[in-house]
Number of protein chains: 2
Amino acid sequence: MKPTIKDIAAESGVSIATVSRVLANKTGSYSEKTAAKILKIAKELGYRKNSAAVDLVKKRSNVIALIINATPTNFSTQIIDGIQQRAGELGQGVIILYAGDRDNTLQHQAIITALERSVSGILLAAIEPDAEDLTLLKASRIPFCFVSLYLGTADILAVSSDNRDLAYQATQYLIDRGHSRISLVGIDNYHTGSQRQAGYRDAMAANRLATPAILPGDYSFAAGERLLQQVQAQHVTAVIAASDMVAAGLLTAAHQRGVRVPEDLSIMSIDGTIICQITTPALTSMTQDFYRIGSQSVNKVMGQPAEDFVPVEITERASVARVH
Amino acid sequence: MKPTIKDIAAESGVSIATVSRVLANKTGSYSEKTAAKILKIAKELGYRKNSAAVDLVKKRSNVIALIINATPTNFSTQIIDGIQQRAGELGQGVIILYAGDRDNTLQHQAIITALERSVSGILLAAIEPDAEDLTLLKASRIPFCFVSLYLGTADILAVSSDNRDLAYQATQYLIDRGHSRISLVGIDNYHTGSQRQAGYRDAMAANRLATPAILPGDYSFAAGERLLQQVQAQHVTAVIAASDMVAAGLLTAAHQRGVRVPEDLSIMSIDGTIICQITTPALTSMTQDFYRIGSQSVNKVMGQPAEDFVPVEITERASVARVH
DNA sequence: ATAGGCATTGTAAACGTTTACGCAAAGTGA
DNA sequence: TCACTTTGCGTAAACGTTTACAATGCCTAT
């Protein structure tokens with residue numbers, strides 16, 4: 001049998017209350033001597049606390065649940081690192097619940113699991129919630145925060161890049177380099193996608209430029225590969241890719257079809273993960289600070305001051321050319 | 001207050017025992033009528049079970065803990081998917097505990113957290129355990145299994161590729177294509193690394209070929225970038241990269257230094273993730289079945305029949321040339 | 001000597017579930 | 001009709017902690 005505080009109490013001749021106090025480090029309510037004795041015995045016995053018992057009586061577990069989409073985004077590790085780091089500083093553990101790939105049943109299931117564990121906060125990374133999810137979350141009275149997704153309403157906690165601004169900046173960057181026929185590629189119509197579309201359109205409009213049709217996609221490498229042909233048909237000189245993966249797909253297809261990057265086509269990527277360094281040429285990108293998005297979201301869900309929007313940065317590499 | 005089975009019992013005029021039985025679906029110990037009534041009330045009240053209470057009384061939580069290295073390996077998602085999928089089939093939840101990046105304290109901490117939660121199994125992905133970790137694990141009586149790491153001893157559960165064989169095959173593949181000066185690059189001396197070194201050496205020896213110095217590294221992109229220079233100094237015609245990331249780094253550096261791949265240098269990568277498709281040229285690889293490694297490790301830790309070694313496959317892309 | 005305060009410890013209730021055991025009512029077979 | 005089984009449900013203990021409250025002994029100030 002696994003030893004319990006009862007065993008320690010018996011062994012050391014004190015009550016379980018005292019053992020509990022020593023083990024929980026309740027300062028000033030026991031003598032040095034007993035503490036030493038109890039700690040020693042606990043160690044000898046190989047004692048491990050039973051979290052279930054603790055959580056039950058405390059009605060709350062010191063754990064943040066991170067519900068995350070299984071889509072192979074290459075930035076999730078950075079987000080997780082940021083979360084892990086900050087959560088640790090605040091004395092919280094992190095459990096990660098995978099919610100499949102835009103699978104509503106699994107998403108729902110993951111949320112329920114988090115609720116059943118009475119976690120101290122729920123983080124939802126790259127998850128587009130449906131109405132039911134939101135109802136569930138709101139009814140639970142457990143704080144929750146979306147990570148890398150802004151639902152467009154201030155009454156739901158969220159930390160992300162300012163996607164409208166991000167796309168605006170990307171577009172303007174290309175315009176400043178002489179491009180006027182620019183398209184946006186590989187994007188969807190969910191929150192993040194439409195925010196970026198808006199930023200792109202606004203920037204084009206502000207420069208009195210015609211906006212080619214936006215080419216929809218799912219942020220994936222395959223989408224990028226597939227879409228190059230349509231990009232060519234648009235006769236643009238530059239594209240903004242919805243993600244690094246889309247940019248990489250575009251680039252691979254470009255190599256195959258003899259389109260030179262950036263001479264024939266400039267590519268501006270969104271995300272700025274390591275993918276941008278791996279490709280040839282390296283991809284100029286709007287770089288998001290995913291680590292910071294993660295750490296700020298922990299602050300937010302734990303009721304600490306936090307940013308809503310984390311700054312983005314333009315990282316110049318080799319996939320964008322000047323034109324005149 | 002969150003509703004409990006006591007509330008449901010009061011509301012429906014039965015005892016908490018009956019409520020518990022209905023909610024836990026203990027077939028054949030209650031009437032259809034009461035079941036319907038209880039389920040209805042539970043729904044109305046928005047009842048959620050308290051896992052802490054369940055785990056406490058059952059002395060076991062239906063959860064597999066996955067302890068994972070934070071190193072940005074691009075294959076972890078595939079492993080996690082496999083684990084998630086199989087665990088779901090066996091009625092187990094999955095919690096993921098990040099263990100930092102080869103950080104022994106954090107690794108230790110993660111293991112302790114898993115033990116405290118009395119999970120039904122512990123999976124350790126890409127974790128090199130120290131002696132203390134192993135002691136802790138063994139003392140716990142909770143089954144544990146290493147994922148994508150073979151410690152070289154049969155009494156510790158593990159599922160991985162056969163790394164010796166993998167490296168042997170990679171080497172032989174290159175030799176079959178006419179290469180005789182082949183080096184192994186970016187690898188370390190931990191278990192996986194030394195198994196691959198052995199396979200490489202054995203294959204070279206079996207073909208009576210001289211073995212150039214193995215170039216050590218940490219499986220990273222940066223290591224690959226840095227090591228190209230040393231590869232050039234070795235005057236080899238082909239390299240085996242310890243990971244896709246190393247291969248990508250090698251390739252990027254090759255572009256910069258005007259080394260043509262595969263004409264001047266063939267690269268054989270190990271892992272076969274999407275990275276191999278992104279680069280130009282695409283990387284020929286020893287492809288591991290990470291998804292299967294994940295699902296088999298769940299089987300193993302849950303006491304079901306499972307493979308020790310999951311087959312690897314050679315995926316021919318464009319980074320290896322024939323020489324004569 | 002006495003009262004009050006403090007340091008240290010113990011007693012016992014509480015957290016929300018599961019489940020062994022028992023009991024009543026209803027059904028079954030002779 | 002009787003004995004027996006089955007069905008459906010209730011009672012109460014148990015899981016391992018935390019913590020409010022009470023108790024004890026000792027110290028200090030009067």
# chains A, B, ... in the order shown; residues from 1 in each chain; ligands from 1

$ residues_around --residues "DA22 (chain D)" --least-positions-apart "3" --cutoff "12 Å" --atoms "only C-alpha atoms (C1' of nucleotides)" --output "MDAnalysis selection string"
chainID C and resid 9:12

$ select_by_dssp --residues "region 66-308 of chain A" --states "alpha helix (DSSP H)" --output "PyMOL selection string"
chain A and resi 76-89+104-116+131-140+163-176+191-206+221-234+244-256+275-278+290-301

$ residues_around --residues "region 122-132 of chain B" --least-positions-apart "6" --cutoff "10 Å" --atoms "only C-alpha atoms (C1' of nucleotides)" --output "ChimeraX atom specification"
/B:63-71,73,76,79-80,83,94-97,99,101-104,107-108,111,114-115,138,142-151,157-160,190-192,294,297-298,300-302

$ closest_atom_pairs --of "chain D" --to "chain A" --cutoff "10 Å" --atoms "only C-alpha atoms (C1' of nucleotides)" --output "tab-separated table"
residue	atom	partner	partner_atom	distance
D:DC15	C1'	A:Ala53	CA	8.0
D:DG16	C1'	A:Ala53	CA	5.1
D:DT17	C1'	A:Ala53	CA	5.0
D:DT18	C1'	A:Val57	CA	6.3
D:DT19	C1'	A:Ala17	CA	8.6

$ interface_residues --of "chain A" --to "chain C" --cutoff "7 Å" --atoms "only C-alpha atoms (C1' of nucleotides)" --output "list in words"
Ser15, Thr18, Ser29, Tyr30, Ser31, Leu56 and Val57 of chain A

$ closest_residue --among "A:Ser220, A:Thr27, A:Thr252, A:Gln232" --to "chain B" --atoms "only C-alpha atoms"
A:Thr252

$ atom_distance --atom1 "CA of Thr77 (chain B)" --atom2 "CA of Thr77 (chain A)"
9.8 Å

$ select_by_dssp --residues "region 26-272 of chain B" --states "strand (DSSP E)" --output "number ranges by chain"
B: 61-68, 93-98, 119-125, 144-147, 158-159, 182-187, 215-216, 238-241, 266-271

$ write_last_selection --atoms "N, CA and C atoms" --output "CSV table (one decimal), in the first residue's frame"
chain,number,residue,atom,x,y,z
B,61,SER,N,-7.0,7.0,-11.3
B,61,SER,CA,-7.7,7.8,-12.3
B,61,SER,C,-7.4,7.3,-13.7
B,62,ASN,N,-8.5,7.3,-14.5
B,62,ASN,CA,-8.4,6.8,-15.8
B,62,ASN,C,-7.7,7.7,-16.8
B,63,VAL,N,-6.4,7.9,-16.4
B,63,VAL,CA,-5.7,8.9,-17.2
B,63,VAL,C,-4.2,8.4,-17.4
B,64,ILE,N,-3.8,8.6,-18.6
B,64,ILE,CA,-2.4,8.3,-18.9
B,64,ILE,C,-1.6,9.6,-18.9
B,65,ALA,N,-0.5,9.7,-18.2
B,65,ALA,CA,0.3,10.9,-18.2
B,65,ALA,C,1.4,10.7,-19.2
B,66,LEU,N,1.5,11.7,-20.0
B,66,LEU,CA,2.6,11.8,-21.0
B,66,LEU,C,3.6,12.8,-20.7
B,67,ILE,N,4.8,12.4,-20.3
B,67,ILE,CA,5.8,13.4,-20.0
B,67,ILE,C,6.7,13.6,-21.2
B,68,ILE,N,6.8,14.8,-21.6
B,68,ILE,CA,7.4,15.1,-22.9
B,68,ILE,C,8.4,16.2,-22.8
B,93,GLY,N,-8.1,9.0,-20.5
B,93,GLY,CA,-7.8,10.4,-20.8
B,93,GLY,C,-6.3,10.6,-20.9
B,94,VAL,N,-5.8,11.7,-21.4
B,94,VAL,CA,-4.4,11.9,-21.5
B,94,VAL,C,-4.0,13.3,-20.9
B,95,ILE,N,-3.1,13.3,-20.1
B,95,ILE,CA,-2.6,14.6,-19.7
B,95,ILE,C,-1.1,14.7,-20.0
B,96,ILE,N,-0.8,15.9,-20.5
B,96,ILE,CA,0.6,16.0,-21.0
B,96,ILE,C,1.3,16.9,-20.0
B,97,LEU,N,2.5,16.4,-19.6
B,97,LEU,CA,3.3,17.2,-18.7
B,97,LEU,C,4.6,17.6,-19.4
B,98,TYR,N,4.9,18.8,-19.5
B,98,TYR,CA,6.1,19.2,-20.2
B,98,TYR,C,7.3,19.2,-19.2
B,119,VAL,N,-2.1,8.2,-11.8
B,119,VAL,CA,-2.5,7.9,-13.2
B,119,VAL,C,-2.4,6.4,-13.4
B,120,SER,N,-3.0,5.9,-14.5
B,120,SER,CA,-3.0,4.5,-14.7
B,120,SER,C,-1.7,4.1,-15.5
B,121,GLY,N,-1.0,5.0,-16.1
B,121,GLY,CA,0.2,4.7,-16.7
B,121,GLY,C,1.0,6.0,-17.0
B,122,ILE,N,2.3,5.8,-17.2
B,122,ILE,CA,3.1,7.0,-17.5
B,122,ILE,C,3.9,6.7,-18.7
B,123,LEU,N,3.8,7.6,-19.7
B,123,LEU,CA,4.6,7.5,-20.9
B,123,LEU,C,5.6,8.6,-20.9
B,124,LEU,N,6.9,8.3,-21.3
B,124,LEU,CA,7.9,9.3,-21.3
B,124,LEU,C,8.4,9.4,-22.7
B,125,ALA,N,8.1,10.5,-23.4
B,125,ALA,CA,8.5,10.6,-24.8
B,125,ALA,C,9.8,11.4,-24.9
B,144,PHE,N,5.1,2.2,-16.5
B,144,PHE,CA,5.6,3.3,-17.3
B,144,PHE,C,6.3,2.7,-18.6
B,145,CYS,N,6.4,3.5,-19.6
B,145,CYS,CA,6.9,3.1,-20.9
B,145,CYS,C,7.6,4.2,-21.6
B,146,PHE,N,8.8,4.0,-22.1
B,146,PHE,CA,9.5,5.0,-22.8
B,146,PHE,C,9.0,5.0,-24.3
B,147,VAL,N,8.9,6.2,-24.8
B,147,VAL,CA,8.3,6.3,-26.1
B,147,VAL,C,9.4,6.9,-27.0
B,158,ALA,N,9.3,-0.1,-23.5
B,158,ALA,CA,9.7,0.9,-24.4
B,158,ALA,C,9.2,0.6,-25.8
B,159,VAL,N,8.8,1.6,-26.5
B,159,VAL,CA,8.5,1.4,-27.9
B,159,VAL,C,9.2,2.5,-28.7
B,182,ILE,N,31.0,8.3,-46.4
B,182,ILE,CA,29.7,8.6,-45.9
B,182,ILE,C,29.9,9.0,-44.4
B,183,SER,N,29.4,10.1,-44.0
B,183,SER,CA,29.5,10.4,-42.6
B,183,SER,C,28.2,10.6,-41.9
B,184,LEU,N,28.2,10.5,-40.6
B,184,LEU,CA,27.0,10.6,-39.7
B,184,LEU,C,27.1,11.9,-38.9
B,185,VAL,N,26.1,12.7,-39.0
B,185,VAL,CA,26.2,14.1,-38.5
B,185,VAL,C,25.1,14.6,-37.6
B,186,GLY,N,25.5,15.3,-36.5
B,186,GLY,CA,24.5,16.0,-35.7
B,186,GLY,C,24.0,15.1,-34.6
B,187,ILE,N,24.7,14.1,-34.2
B,187,ILE,CA,24.1,13.1,-33.3
B,187,ILE,C,24.8,13.2,-31.9
B,215,LEU,N,30.3,13.3,-36.5
B,215,LEU,CA,30.2,14.7,-36.1
B,215,LEU,C,29.1,14.9,-35.1
B,216,PRO,N,29.4,15.2,-33.9
B,216,PRO,CA,28.4,15.3,-32.9
B,216,PRO,C,27.5,16.6,-33.0
B,238,ALA,N,28.4,11.7,-49.2
B,238,ALA,CA,27.0,11.6,-48.6
B,238,ALA,C,27.1,11.8,-47.1
B,239,VAL,N,26.0,12.3,-46.5
B,239,VAL,CA,25.9,12.4,-45.1
B,239,VAL,C,24.6,11.8,-44.7
B,240,ILE,N,24.6,11.2,-43.5
B,240,ILE,CA,23.3,10.8,-42.8
B,240,ILE,C,23.1,11.9,-41.7
B,241,ALA,N,22.0,12.6,-41.8
B,241,ALA,CA,21.7,13.6,-40.8
B,241,ALA,C,20.9,13.0,-39.6
B,266,SER,N,25.2,14.3,-51.1
B,266,SER,CA,23.9,13.7,-50.9
B,266,SER,C,23.5,13.7,-49.4
B,267,ILE,N,22.3,14.0,-49.1
B,267,ILE,CA,21.8,14.0,-47.7
B,267,ILE,C,20.7,13.0,-47.5
B,268,MET,N,20.9,12.2,-46.5
B,268,MET,CA,19.9,11.3,-46.1
B,268,MET,C,19.4,11.7,-44.7
B,269,SER,N,18.2,11.9,-44.6
B,269,SER,CA,17.7,12.4,-43.3
B,269,SER,C,17.0,11.3,-42.5
B,270,ILE,N,17.0,11.6,-41.2
B,270,ILE,CA,16.3,10.6,-40.3
B,270,ILE,C,15.1,11.3,-39.6
B,271,ASP,N,13.9,10.8,-39.9
B,271,ASP,CA,12.6,11.1,-39.2
B,271,ASP,C,11.5,11.1,-40.2

$ residues_around --residues "Glu263 (chain A)" --least-positions-apart "5" --cutoff "12 Å" --atoms "only C-alpha atoms (C1' of nucleotides)" --output "number ranges by chain"
A: 237-238, 254, 258, 281, 318-323

$ atom_distance --atom1 "CA of Ile175 (chain A)" --atom2 "CA of Leu228 (chain A)"
20.7 Å

$ residues_around --residues "region 35-44 of chain A" --least-positions-apart "6" --cutoff "7 Å" --atoms "only C-alpha atoms (C1' of nucleotides)" --output "PyMOL selection string"
chain A and resi 8+12+19+22

$ write_last_selection --atoms "C-alpha atoms" --output "PDB file, in the first residue's frame"
ATOM      1  CA  ILE A   8       3.487   8.928   9.010  1.00  0.00           C
ATOM      2  CA  SER A  12       6.087   9.484  14.448  1.00  0.00           C
ATOM      3  CA  VAL A  19       1.682  15.819   9.724  1.00  0.00           C
ATOM      4  CA  VAL A  22       4.239  20.135   8.331  1.00  0.00           C
TER       5      VAL A  22
END

$ atom_distance --atom1 "CA of Glu316 (chain A)" --atom2 "CA of Leu283 (chain A)"
7.8 Å

$ closest_residue --among "B:Leu90, B:Ala233, B:Leu265, B:Ala248" --to "chain A" --atoms "only C-alpha atoms"
B:Ala248
